[in-house]
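The next block is start.txt, given as compact mmCIF, C-alpha atoms.
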# COMPACT_ATOMS: atom_id res chain seq x y z
CA MET B 24 77.65 114.98 2.77
CA ALA B 25 81.33 115.48 2.17
CA MET B 26 81.57 117.19 5.50
CA GLU B 27 79.84 114.32 7.26
CA GLN B 28 82.37 112.01 5.68
CA ASP B 29 85.19 114.21 6.94
CA HIS B 30 83.67 114.15 10.40
CA ALA B 31 83.28 110.39 10.33
CA ARG B 32 86.84 109.99 9.12
CA PHE B 33 88.08 112.39 11.75
CA GLU B 34 86.18 110.62 14.51
CA SER B 35 87.56 107.24 13.59
CA LEU B 36 91.12 108.54 13.09
CA ALA B 37 91.67 111.14 15.75
CA MET B 38 89.17 110.60 18.53
CA PRO B 39 90.83 107.36 19.74
CA HIS B 40 93.89 109.50 20.47
CA LEU B 41 92.11 112.23 22.38
CA ASN B 42 93.49 110.96 25.70
CA ALA B 43 97.03 111.14 24.38
CA ALA B 44 96.33 114.64 23.05
CA TYR B 45 94.95 115.80 26.36
CA ASN B 46 97.72 114.18 28.39
CA LEU B 47 100.38 115.99 26.36
CA ALA B 48 98.61 119.35 26.54
CA ARG B 49 97.95 118.93 30.25
CA TRP B 50 101.59 118.20 31.00
CA LEU B 51 102.77 121.13 28.91
CA THR B 52 100.29 123.73 30.17
CA HIS B 53 100.21 122.50 33.80
CA ASN B 54 96.46 122.93 34.22
CA ASP B 55 93.14 121.46 33.13
CA HIS B 56 91.43 124.58 31.94
CA ASP B 57 94.19 125.61 29.54
CA ALA B 58 94.71 122.03 28.38
CA GLU B 59 91.02 121.77 27.42
CA ASP B 60 91.17 124.99 25.45
CA VAL B 61 94.36 123.99 23.68
CA VAL B 62 93.08 120.52 22.78
CA HIS B 63 89.77 121.94 21.58
CA GLU B 64 91.59 124.36 19.32
CA SER B 65 93.89 121.56 18.12
CA VAL B 66 90.89 119.44 17.18
CA ILE B 67 89.42 122.28 15.15
CA ARG B 68 92.75 122.69 13.36
CA ALA B 69 93.07 118.95 12.85
CA MET B 70 89.58 118.87 11.31
CA ARG B 71 90.67 121.51 8.86
CA TYR B 72 93.78 119.52 7.88
CA ILE B 73 92.11 116.11 7.78
CA GLY B 74 92.50 116.17 4.00
CA SER B 75 96.27 116.31 4.38
CA PHE B 76 96.36 113.14 6.48
CA ARG B 77 98.05 110.46 4.38
CA GLY B 78 97.44 107.34 6.41
CA GLU B 79 100.57 107.37 8.55
CA SER B 80 100.27 107.14 12.35
CA ALA B 81 97.11 109.02 13.31
CA ARG B 82 98.34 109.43 16.84
CA ALA B 83 101.60 111.10 15.79
CA TRP B 84 99.68 113.26 13.33
CA LEU B 85 97.24 114.50 15.98
CA LEU B 86 99.95 114.93 18.62
CA GLN B 87 101.98 117.03 16.21
CA ILE B 88 99.06 119.41 15.81
CA VAL B 89 98.45 119.47 19.57
CA ARG B 90 102.12 120.11 20.15
CA ASN B 91 102.25 123.05 17.75
CA THR B 92 99.03 124.53 19.11
CA THR B 93 100.30 124.20 22.67
CA PHE B 94 103.61 125.85 21.90
CA SER B 95 101.89 128.78 20.16
CA TRP B 96 99.69 129.11 23.21
CA LEU B 97 102.66 128.94 25.58
CA ARG B 98 104.54 131.56 23.58
CA GLU B 99 101.57 133.91 23.89
CA ASN B 100 100.64 133.23 27.47
CA ARG B 101 103.69 131.87 29.23
CA SER B 102 106.65 133.14 27.26
CA ALA B 103 108.88 132.50 30.30
CA ASP B 104 108.26 128.75 29.90
CA VAL B 105 109.52 128.58 26.36
CA VAL B 106 112.92 130.21 26.73
CA ALA B 107 115.04 128.93 23.91
CA LEU B 108 117.09 125.98 25.06
CA ASP B 109 120.41 125.37 23.46
CA ASP B 110 120.46 121.67 22.76
CA ASN B 111 124.24 121.70 22.63
CA ASP B 112 124.76 123.43 25.95
CA ASP B 113 127.62 121.60 27.66
CA SER B 114 126.84 122.80 31.16
CA LEU B 115 123.68 120.70 31.12
CA GLN B 116 125.72 117.78 29.98
CA GLN B 117 127.69 117.97 33.20
CA VAL B 118 124.52 117.86 35.23
CA ALA B 119 123.53 114.90 33.16
CA ALA B 120 126.51 112.78 34.12
CA PRO B 121 125.32 110.16 36.60
CA SER B 122 127.84 109.20 39.23
CA ALA B 123 128.68 105.56 39.27
CA GLU B 124 128.82 105.13 43.05
CA GLU B 125 125.35 106.31 43.92
CA PRO B 126 122.71 103.60 44.17
CA PRO B 127 119.90 105.65 42.64
CA ALA B 128 117.63 102.71 42.00
CA LEU B 129 116.48 102.58 45.60
CA ALA B 130 115.69 106.26 45.91
CA MET B 131 113.70 106.08 42.70
CA ARG B 132 111.72 103.09 43.76
CA ASN B 133 110.83 104.87 46.98
CA ALA B 134 109.80 108.12 45.34
CA ASP B 135 106.09 108.74 45.71
CA ARG B 136 103.65 109.94 43.08
CA ARG B 137 103.82 113.54 44.12
CA GLN B 138 107.62 113.61 43.90
CA ILE B 139 107.53 112.06 40.44
CA ASN B 140 104.84 114.44 39.19
CA ASP B 141 106.59 117.47 40.66
CA ALA B 142 109.91 116.42 39.15
CA ILE B 143 108.37 116.05 35.68
CA ALA B 144 106.46 119.32 36.02
CA ALA B 145 109.69 121.11 36.93
CA LEU B 146 111.51 120.02 33.75
CA PRO B 147 112.08 122.60 31.00
CA VAL B 148 109.22 122.29 28.57
CA VAL B 149 111.05 120.59 25.67
CA TYR B 150 112.55 117.99 28.00
CA ARG B 151 109.16 117.46 29.61
CA GLU B 152 107.61 116.99 26.20
CA ALA B 153 110.17 114.36 25.18
CA LEU B 154 109.81 112.48 28.47
CA VAL B 155 105.99 112.49 28.45
CA LEU B 156 105.86 111.26 24.85
CA ARG B 157 108.43 108.57 25.54
CA GLU B 158 107.33 107.23 28.92
CA LEU B 159 103.62 107.97 29.05
CA GLU B 160 102.75 107.51 25.38
CA ASP B 161 105.43 104.91 24.63
CA LEU B 162 106.35 106.61 21.35
CA SER B 163 109.54 105.82 19.44
CA TYR B 164 112.35 108.32 18.96
CA ALA B 165 111.32 108.69 15.33
CA GLU B 166 107.73 109.55 16.27
CA ILE B 167 108.85 112.03 18.94
CA ALA B 168 111.22 113.63 16.44
CA ARG B 169 108.35 114.06 14.02
CA ILE B 170 106.00 115.49 16.62
CA ALA B 171 108.55 117.93 18.02
CA ASP B 172 109.94 118.65 14.55
CA VAL B 173 113.57 118.09 15.56
CA PRO B 174 116.23 115.57 14.45
CA ILE B 175 116.35 112.22 16.24
CA GLY B 176 119.72 113.17 17.77
CA THR B 177 118.03 116.08 19.51
CA VAL B 178 115.33 113.79 20.85
CA MET B 179 118.07 111.55 22.23
CA SER B 180 119.90 114.36 23.99
CA ARG B 181 116.67 115.87 25.35
CA LEU B 182 115.56 112.53 26.74
CA ALA B 183 118.95 111.83 28.29
CA ARG B 184 118.91 115.24 29.95
CA ALA B 185 115.33 114.94 31.07
CA ARG B 186 116.19 111.69 32.78
CA ALA B 187 119.35 113.09 34.31
CA LEU B 188 117.34 115.96 35.78
CA MET B 189 114.72 113.51 37.04
CA ARG B 190 117.39 111.39 38.66
CA GLU B 191 118.88 114.45 40.28
CA ALA B 192 115.53 115.60 41.61
CA LEU B 193 114.68 112.17 42.99
CA THR B 194 118.00 111.21 44.52
CA PRO B 195 118.43 112.86 47.94
CA SER B 196 122.22 112.42 47.96
CA ALA B 197 122.50 114.34 44.69
CA ARG B 198 121.10 117.51 46.24
CA PRO B 199 122.82 117.88 49.60
CA ALA B 200 121.99 121.58 49.65
CA LEU B 201 118.41 120.73 50.43
CA ARG B 202 119.08 118.36 53.26
CA PRO B 203 120.38 120.51 56.13
CA VAL B 204 117.10 122.45 56.35
CA PRO B 205 116.03 121.81 59.93
CA ARG B 206 112.63 120.31 60.35
CA VAL B 207 110.35 122.00 62.80
CA VAL B 208 108.85 119.42 65.07
CA ASN B 209 105.26 120.28 65.76
CA GLY B 210 104.40 120.65 69.41
CA GLY B 211 108.05 120.33 70.45
CA ASN B 212 107.78 123.20 72.94
CA LYS B 213 104.72 122.04 74.76
CA MET X 283 134.67 109.29 31.41
CA THR X 284 130.96 109.68 30.83
CA ASN X 285 130.58 111.57 27.62
CA GLN X 286 127.49 112.73 25.87
CA ARG X 287 127.42 110.01 23.25
CA GLU X 288 127.80 107.24 25.76
CA THR X 289 125.03 108.59 27.99
CA GLN X 290 122.72 108.81 25.01
CA MET X 291 123.64 105.35 23.83
CA ILE X 292 122.75 103.89 27.20
CA ASP X 293 119.43 105.74 27.12
CA ALA X 294 118.78 104.46 23.61
CA PHE X 295 119.71 100.96 24.75
CA VAL X 296 117.19 101.09 27.58
CA ASP X 297 114.60 102.43 25.14
CA GLY X 298 115.32 99.61 22.70
CA GLU X 299 116.25 102.14 20.03
CA LEU X 300 119.70 100.79 19.15
CA ASP X 301 120.32 98.61 16.15
CA LEU X 302 121.56 95.10 16.76
CA ALA X 303 125.25 96.09 16.65
CA GLY X 304 124.76 98.90 19.14
CA GLN X 305 122.73 96.69 21.41
CA LEU X 306 125.42 94.01 21.45
CA GLU X 307 128.05 96.66 22.11
CA ILE X 308 126.26 97.91 25.22
CA GLU X 309 125.52 94.40 26.43
CA GLU X 310 129.22 93.60 26.12
CA ARG X 311 130.13 96.77 27.98
CA MET X 312 127.67 95.94 30.74
CA ARG X 313 129.40 92.61 31.14
CA LEU X 314 132.86 94.14 31.39
CA ASP X 315 132.06 97.34 33.27
CA PRO X 316 129.89 97.24 36.42
CA ALA X 317 129.41 101.02 36.25
CA THR X 318 127.69 100.71 32.86
CA ALA X 319 125.54 97.88 34.17
CA GLN X 320 124.58 100.05 37.12
CA LYS X 321 123.65 102.96 34.88
CA VAL X 322 121.44 100.73 32.79
CA GLN X 323 119.83 99.40 35.94
CA GLY X 324 119.27 102.92 37.28
CA LEU X 325 117.69 104.08 34.02
CA ARG X 326 115.39 101.08 33.90
CA GLN X 327 114.29 101.76 37.44
CA LEU X 328 113.66 105.41 36.60
CA ARG X 329 111.63 104.43 33.55
CA GLU X 330 109.54 101.98 35.50
CA THR X 331 108.94 104.44 38.31
CA ILE X 332 107.82 107.16 35.91
CA ARG X 333 105.56 104.80 33.98
CA GLU X 334 104.07 103.47 37.18
CA LYS X 335 103.67 106.63 39.19
CA ALA X 336 103.42 109.66 36.91
CA ASP X 337 99.89 110.99 36.40
CA TYR X 338 98.25 110.22 33.09
CA HIS X 339 95.63 112.79 32.21
CA PRO X 340 92.83 111.31 30.11
CA ALA X 341 90.57 113.72 28.24
CA PRO X 342 87.72 114.88 30.51
CA ALA X 343 84.16 114.01 29.51
CA ALA X 344 83.30 117.69 29.26
CA LEU X 345 85.94 118.14 26.54
CA ARG X 346 84.67 115.17 24.56
CA LYS X 347 81.18 116.64 24.75
CA ARG X 348 82.41 120.04 23.61
CA ILE X 349 84.16 118.45 20.64
CA SER X 350 81.20 116.29 19.60
CA ALA X 351 78.95 119.34 19.86
CA GLY X 352 81.28 121.05 17.37
CA PHE X 353 80.75 118.22 14.88
CA GLY X 354 77.05 119.00 14.71
CA ALA X 355 77.66 122.67 13.91
CA ALA X 356 76.65 124.45 10.71
CA PRO X 357 78.76 123.68 7.66
CA THR X 358 81.76 125.91 7.19
CA ALA X 359 82.26 127.95 4.05
CA THR X 360 84.98 125.68 2.69
CA HIS X 361 82.58 122.75 2.51
CA ARG X 362 79.72 124.40 0.70
CA PRO X 363 80.96 124.01 -2.86
CA ARG X 364 81.29 120.25 -2.44
CA ALA X 365 77.80 120.01 -0.95
CA SER X 366 76.35 121.79 -3.97
CA VAL X 367 78.12 119.37 -6.32
CA VAL X 368 76.38 116.54 -4.50
CA SER X 369 72.96 118.16 -4.73
CA ALA X 370 73.52 118.89 -8.43
CA LEU X 371 74.24 115.22 -8.95
CA GLN X 372 71.10 114.30 -7.03
CA ARG X 373 69.03 116.65 -9.20
CA TRP X 374 70.53 115.13 -12.31
CA LEU X 375 69.77 111.62 -11.07
CA GLY X 376 66.25 112.75 -10.21
CA TRP X 377 65.66 113.77 -13.83
CA ARG X 378 66.81 110.50 -15.22
CA PRO X 379 65.31 107.64 -13.24
CA MET X 380 67.14 105.11 -15.44
CA ALA X 381 70.49 106.49 -14.37
CA GLY X 382 69.74 105.41 -10.82
CA SER X 383 69.41 101.75 -11.71
CA PHE X 384 72.51 101.92 -13.91
CA ALA X 385 74.41 103.29 -10.95
CA LEU X 386 73.12 100.46 -8.76
CA ALA X 387 74.16 97.82 -11.25
CA ALA X 388 77.57 99.40 -11.61
CA ALA X 389 77.98 99.47 -7.85
CA ALA X 390 77.10 95.77 -7.63
CA VAL X 391 79.73 94.92 -10.26
CA VAL X 392 82.34 96.96 -8.44
CA ALA X 393 81.47 95.32 -5.10
CA PHE X 394 81.73 91.85 -6.62
CA ASN X 395 85.09 92.64 -8.17
CA LEU X 396 86.36 94.09 -4.92
CA ALA X 397 85.38 90.95 -3.02
CA TRP X 398 87.14 88.82 -5.62
CA LEU X 399 90.20 91.07 -5.50
CA HIS X 400 90.25 90.77 -1.70
CA ALA X 401 90.29 87.00 -1.90
CA ALA X 402 93.08 87.07 -4.48
CA GLN X 403 95.03 89.47 -2.31
CA ASP X 404 94.63 87.22 0.74
CA ASP X 405 96.08 84.32 -1.26
CA ARG X 406 99.03 86.40 -2.29
CA VAL X 407 99.67 87.54 1.29
CA LEU X 408 99.39 83.94 2.47
CA ASP X 409 102.15 82.96 0.02
CA ASP X 410 104.28 85.82 1.32
CA VAL X 411 103.65 84.79 4.92
CA VAL X 412 104.68 81.19 4.28
CA ALA X 413 107.77 82.28 2.33
CA SER X 414 108.85 84.71 5.03
CA HIS X 415 108.39 82.15 7.81
CA VAL X 416 110.29 79.47 5.91
CA ARG X 417 113.09 81.86 4.97
CA ALA X 418 113.52 82.88 8.60
CA THR X 419 113.54 79.34 9.98
CA LEU X 420 115.86 78.07 7.23
CA GLY X 421 118.40 80.84 7.54
CA GLN X 422 118.27 80.91 11.33
CA HIS X 423 117.74 84.64 11.05
CA LEU X 424 114.64 84.62 13.18
CA VAL X 425 114.94 87.98 14.86
CA ASP X 426 116.67 91.34 14.46
CA VAL X 427 116.10 92.25 18.07
CA ALA X 428 116.53 89.30 20.38
CA SER X 429 114.84 89.88 23.68
CA SER X 430 112.15 88.22 25.72
CA ASP X 431 111.12 91.62 27.06
CA HIS X 432 108.37 93.33 25.09
CA HIS X 433 109.53 96.67 26.55
CA THR X 434 112.66 96.22 24.47
CA VAL X 435 111.12 94.76 21.34
CA LYS X 436 108.16 97.11 20.92
CA PRO X 437 110.12 100.38 20.89
CA TRP X 438 112.69 98.84 18.58
CA LEU X 439 110.03 97.81 16.09
CA SER X 440 108.21 101.14 16.40
CA SER X 441 111.38 102.96 15.50
CA LYS X 442 111.81 100.92 12.33
CA LEU X 443 108.18 101.01 11.21
CA ASP X 444 105.56 103.67 10.60
CA PHE X 445 103.29 102.07 13.19
CA SER X 446 103.63 100.64 16.67
CA PRO X 447 102.71 96.95 16.71
CA PRO X 448 101.16 95.27 19.75
CA VAL X 449 103.94 93.22 21.37
CA SER X 450 103.52 90.91 24.32
CA GLU X 451 104.78 87.72 25.81
CA LEU X 452 102.24 84.90 25.70
CA GLN X 453 100.61 83.47 28.80
CA LEU X 454 101.00 79.96 27.51
CA PRO X 455 102.93 77.04 28.97
CA GLY X 456 105.98 76.18 26.90
CA SER X 457 105.94 79.47 25.03
CA VAL X 458 109.13 81.53 24.79
CA PHE X 459 109.19 85.00 23.24
CA LEU X 460 112.30 85.17 21.06
CA GLY X 461 112.04 88.73 19.77
CA GLY X 462 111.08 90.55 16.62
CA ARG X 463 112.24 91.52 13.17
CA VAL X 464 111.11 93.76 10.38
CA ASP X 465 109.91 91.93 7.30
CA TYR X 466 108.36 92.89 4.00
CA LEU X 467 104.90 91.58 3.19
CA ASP X 468 102.02 92.69 1.03
CA GLY X 469 104.15 95.47 -0.40
CA ARG X 470 105.02 97.09 2.91
CA PRO X 471 107.32 96.70 5.95
CA VAL X 472 105.63 94.74 8.71
CA ALA X 473 106.45 93.64 12.25
CA ALA X 474 107.29 89.96 12.72
CA LEU X 475 107.16 88.63 16.27
CA VAL X 476 108.74 85.26 16.86
CA TYR X 477 107.85 82.76 19.57
CA ARG X 478 109.07 79.28 20.27
CA GLN X 479 106.42 76.77 21.21
CA GLY X 480 108.22 73.64 22.32
CA PRO X 481 110.46 72.74 19.36
CA HIS X 482 108.32 74.76 16.92
CA VAL X 483 108.76 78.32 15.74
CA VAL X 484 105.71 80.58 15.56
CA SER X 485 105.83 83.74 13.43
CA SER X 486 103.26 86.43 14.05
CA PHE X 487 103.08 89.21 11.46
CA VAL X 488 101.37 92.50 12.21
CA TRP X 489 100.66 95.59 10.15
CA PRO X 490 97.96 98.26 9.99
CA ALA X 491 94.72 97.07 8.42
CA THR X 492 92.52 99.03 6.11
CA GLY X 493 89.27 97.18 6.76
CA LYS X 494 87.06 96.36 9.71
CA ASP X 495 87.72 93.85 12.48
CA ARG X 496 87.62 90.24 11.24
CA ASN X 497 87.47 87.09 13.32
CA PRO X 498 90.27 84.56 12.88
CA GLU X 499 90.18 82.44 9.76
CA PHE X 500 92.28 79.32 9.90
CA ALA X 501 93.87 77.53 6.98
CA GLU X 502 96.43 74.82 6.38
CA THR X 503 99.03 75.37 3.70
CA ARG X 504 101.93 73.11 2.81
CA GLY X 505 101.85 71.56 6.29
CA PHE X 506 101.77 74.91 8.08
CA GLN X 507 98.91 76.11 10.22
CA THR X 508 97.95 79.69 9.51
CA ALA X 509 95.46 82.10 10.96
CA ARG X 510 94.55 85.63 10.01
CA TRP X 511 92.39 88.23 11.68
CA THR X 512 91.98 91.95 12.04
CA HIS X 513 91.68 93.58 15.41
CA ASP X 514 91.80 97.19 16.49
CA GLY X 515 93.11 98.44 13.15
CA MET X 516 95.86 95.82 12.98
CA GLN X 517 96.07 92.95 10.57
CA HIS X 518 97.50 89.72 11.98
CA TRP X 519 98.86 86.64 10.26
CA VAL X 520 100.20 83.83 12.38
CA ILE X 521 101.98 80.77 11.03
CA SER X 522 103.64 77.73 12.55
CA ASP X 523 104.32 74.06 12.02
CA VAL X 524 102.76 73.05 15.37
CA ASN X 525 99.70 70.80 15.29
CA ARG X 526 96.26 72.28 14.94
CA GLY X 527 95.30 71.96 18.63
CA GLU X 528 98.42 73.71 19.85
CA PHE X 529 98.12 76.30 17.12
CA ASP X 530 94.63 77.21 18.29
CA ALA X 531 96.01 77.73 21.80
CA VAL X 532 98.79 79.96 20.44
CA VAL X 533 96.36 82.07 18.43
CA GLN X 534 94.09 82.35 21.45
CA ALA X 535 97.02 83.45 23.64
CA ILE X 536 98.09 86.09 21.10
CA ARG X 537 94.55 87.45 20.91
CA ALA X 538 94.22 87.42 24.70
CA ALA X 539 97.50 89.29 25.12
CA GLU X 540 96.39 91.78 22.51
CA SER X 541 93.03 92.61 24.05
CA SER X 542 94.44 92.82 27.58
CA ARG X 543 96.87 95.50 26.53

Could you render the structure from this file as structure tokens?
Amino acid sequence: MAMEQDHARFESLAMPHLNAAYNLARWLTHNDHDAEDVVHESVIRAMRYIGSFRGESARAWLLQIVRNTTFSWLRENRSADVVALDDNDDSLQQVAAPSAEEPPALAMRNADRRQINDAIAALPVVYREALVLRELEDLSYAEIARIADVPIGTVMSRLARARALMREALTPSARPALRPVPRVVNGGNK
Amino acid sequence: MTNQRETQMIDAFVDGELDLAGQLEIEERMRLDPATAQKVQGLRQLRETIREKADYHPAPAALRKRISAGFGAAPTATHRPRASVVSALQRWLGWRPMAGSFALAAAAVVAFNLAWLHAAQDDRVLDDVVASHVRATLGQHLVDVASSDHHTVKPWLSSKLDFSPPVSELQLPGSVFLGGRVDYLDGRPVAALVYRQGPHVVSSFVWPATGKDRNPEFAETRGFQTARWTHDGMQHWVISDVNRGEFDAVVQAIRAAESSR
């Protein structure tokens, strides 16, 4: 009976946030199969810890478990993805500086879905995590800090850098190296 | 010129995560420095583009099925001791038929007291709601974060509270969304959203509910119209000095905005 109660409590608390859980895992693992496994394992863990839930935000609570499960999984299976990032690295700060002259708004508006998705997918995992939680889950800095287990200042710098990298990836003028590649016109020699 | 702190402050500004002083500082800088204004504009565009175009991956049906199937599985070892306590209690009750009816009577008394306590608590909250609304309108301190954009107000409130309140502008003629503030009601911090309806101020208080959904109950107290309801795990109290007809429209608009989210 106690277990049924736990299940009922879990279903009402955590199941409404299953989409958020899956979305985070999917963005971090890059594929459906792994995301399903990770979320399934997270749910089992969450069930075990349901007793420790103290009535704060259920979404943040579940996402924290998903986040930790995903990172353990990444460390085991994709250790190259989780290279330690130095949050105080100045060289990234330079990349982050937006130039005042560029009119990036237009390029961003014109970016298509694939470009946006590719640009997010290409972000280092901790930046991607911060951006997904902020923009796709609409979480506050405080909630993201709790989920990622870092100070709010770190969330701020990760988000700022994630956005700077996005801007760079989406603004053609900011990556001139990619532009001179000649385009092969199909059927040009016919 | 662009340093780390400034970049982050502009990001935080766009995210509505700055306190009032910081927000005013950036707004002032935007006015004086076109480059700052442009950065803010660029960030807003980036945010909108990501929110609009990035894939959102909802949980597949197969995963939901797999999880529900797990719920039906055999009890795990950790739960067995508790289950045996329950069956011991049942055996004990079985031996003493009288105990069963005592338990029933006790439960009825508890339920009655709980209902009475609930009513008393509602009265107390109503007093708090009126006091908070009057204090805000008297002192002209209506909002901590002044913005008609719910994308600014919601993140700001979420960062100050342990929950994320539903925030939206109202689809109602004559209604202006003034912003939000954090208030203290019923022994906890709550979100207060403030609208202007013609010359009248409407305060809408929101905090997580413990009970089930409840339909709106209207009341009139000291010349104020009030309504309370529970929806989707959030408790709502709305108060204003508009007339009853207009108040109904406001409440309806708030509920419509909430369910269309």

*Residue list for chain X near chain B as a PyMOL selection string, 8 Å, all atoms listed in the file*: chain X and resi 284-286+289-290+293-294+299+317+320-321+323-325+327-329+331-333+335-341+345+348-349+353+357+361+364-365+368+437-438+440-441+444-445

*Shell around X:Gly527 at 12 Å using all atoms listed in the file, local window under 6 positions removed, as a list in words*: Phe500, Gln507, Val533 and Gln534 of chain X

*To one decimal in Å, tell me the separation between atom CA of X:Gly298 and atom CA of B:Glu191.*
23.3 Å

*Find the residues with any atom within 12 Å of (105.6, 118.6, 15.6); use all atoms listed in the file and the coordinates as given in the file, and write the answer as a ChimeraX atom specification.*
/B:82-95,149,152-153,156,165-174

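Our summary of the geometry notes that atom CA of X:Val524 is positioned 26.3 Å from atom CA of X:Ala491.
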
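Going from atom CA of B:Thr52 over to atom CA of B:Ala185, you cover 17.4 Å.
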
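Within the 9 Å cut-off around X:Val412, using all atoms listed in the file and omitting residues fewer than 6 positions from it on the same chain, the listed residues are Thr503, Arg504, Phe506, Thr508 and Ile521 of chain X.
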
Shell around X:Ala539 at 10 Å using only C-alpha atoms, local window under 6 positions removed, as a PDB file with C-alpha atoms, in the coordinates of the input:
ATOM      1  CA  PRO X 448     101.160  95.270  19.750  1.00  0.00           C
ATOM      2  CA  VAL X 449     103.940  93.220  21.370  1.00  0.00           C
ATOM      3  CA  SER X 450     103.520  90.910  24.320  1.00  0.00           C
ATOM      4  CA  GLU X 451     104.780  87.720  25.810  1.00  0.00           C
ATOM      5  CA  LEU X 452     102.240  84.900  25.700  1.00  0.00           C
ATOM      6  CA  GLN X 453     100.610  83.470  28.800  1.00  0.00           C
ATOM      7  CA  VAL X 533      96.360  82.070  18.430  1.00  0.00           C
TER       8      VAL X 533
END

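Selection around (105.6, 92.4, 2.6) with radius 9 Å, counting all atoms listed in the file, yields the residues X:Val407, X:Asp410, X:Val411, X:Ser414, X:Asp465, X:Tyr466, X:Leu467, X:Asp468, X:Gly469, X:Arg470, X:Pro471, X:Val472.
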
Could you pull the residues within 6 Å of X:Val520, counting all atoms listed in the file, minus those fewer than 5 positions along the same chain, as a PDB file with C-alpha atoms, keeping the file's coordinate frame?
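Contents of selection_28.pdb, freshly written:
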ATOM      1  CA  SER X 485     105.830  83.740  13.430  1.00  0.00           C
ATOM      2  CA  SER X 486     103.260  86.430  14.050  1.00  0.00           C
ATOM      3  CA  THR X 508      97.950  79.690   9.510  1.00  0.00           C
ATOM      4  CA  ALA X 509      95.460  82.100  10.960  1.00  0.00           C
TER       5      ALA X 509
END

Generate the coordinates of N, CA and C atoms for stretch 132-148 of chain B; report them as a short mmCIF file (atom, residue, chain, number, x, y, z; two decimals), in the frame of the given file.
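New file rebuild_36.cif:
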data_model
loop_
_atom_site.label_atom_id
_atom_site.label_comp_id
_atom_site.auth_asym_id
_atom_site.auth_seq_id
_atom_site.Cartn_x
_atom_site.Cartn_y
_atom_site.Cartn_z
N ARG B 132 112.82 103.99 43.46
CA ARG B 132 111.72 103.09 43.76
C ARG B 132 110.86 103.66 44.89
N ASN B 133 111.55 104.38 45.82
CA ASN B 133 110.83 104.87 46.98
C ASN B 133 110.13 106.21 46.74
N ALA B 134 110.43 106.84 45.61
CA ALA B 134 109.80 108.12 45.34
C ALA B 134 108.29 107.94 45.25
N ASP B 135 107.54 108.88 45.80
CA ASP B 135 106.09 108.74 45.71
C ASP B 135 105.57 109.51 44.49
N ARG B 136 104.26 109.35 44.27
CA ARG B 136 103.65 109.94 43.08
C ARG B 136 103.89 111.44 42.99
N ARG B 137 103.71 112.09 44.15
CA ARG B 137 103.82 113.54 44.12
C ARG B 137 105.23 113.97 43.71
N GLN B 138 106.24 113.27 44.25
CA GLN B 138 107.62 113.61 43.90
C GLN B 138 107.86 113.43 42.41
N ILE B 139 107.34 112.33 41.87
CA ILE B 139 107.53 112.06 40.44
C ILE B 139 106.84 113.15 39.61
N ASN B 140 105.58 113.43 39.95
CA ASN B 140 104.84 114.44 39.19
C ASN B 140 105.50 115.81 39.28
N ASP B 141 105.94 116.17 40.49
CA ASP B 141 106.59 117.47 40.66
C ASP B 141 107.88 117.54 39.84
N ALA B 142 108.63 116.42 39.87
CA ALA B 142 109.91 116.42 39.15
C ALA B 142 109.68 116.57 37.64
N ILE B 143 108.65 115.91 37.12
CA ILE B 143 108.37 116.05 35.68
C ILE B 143 107.90 117.47 35.39
N ALA B 144 107.01 117.97 36.24
CA ALA B 144 106.46 119.32 36.02
C ALA B 144 107.55 120.38 36.05
N ALA B 145 108.63 120.11 36.80
CA ALA B 145 109.69 121.11 36.93
C ALA B 145 110.66 121.10 35.76
N LEU B 146 110.57 120.11 34.88
CA LEU B 146 111.51 120.02 33.75
C LEU B 146 111.24 121.16 32.76
N PRO B 147 112.30 121.66 32.11
CA PRO B 147 112.08 122.60 31.00
C PRO B 147 111.15 121.97 29.97
N VAL B 148 110.35 122.81 29.34
CA VAL B 148 109.22 122.29 28.57
C VAL B 148 109.61 121.30 27.46
#
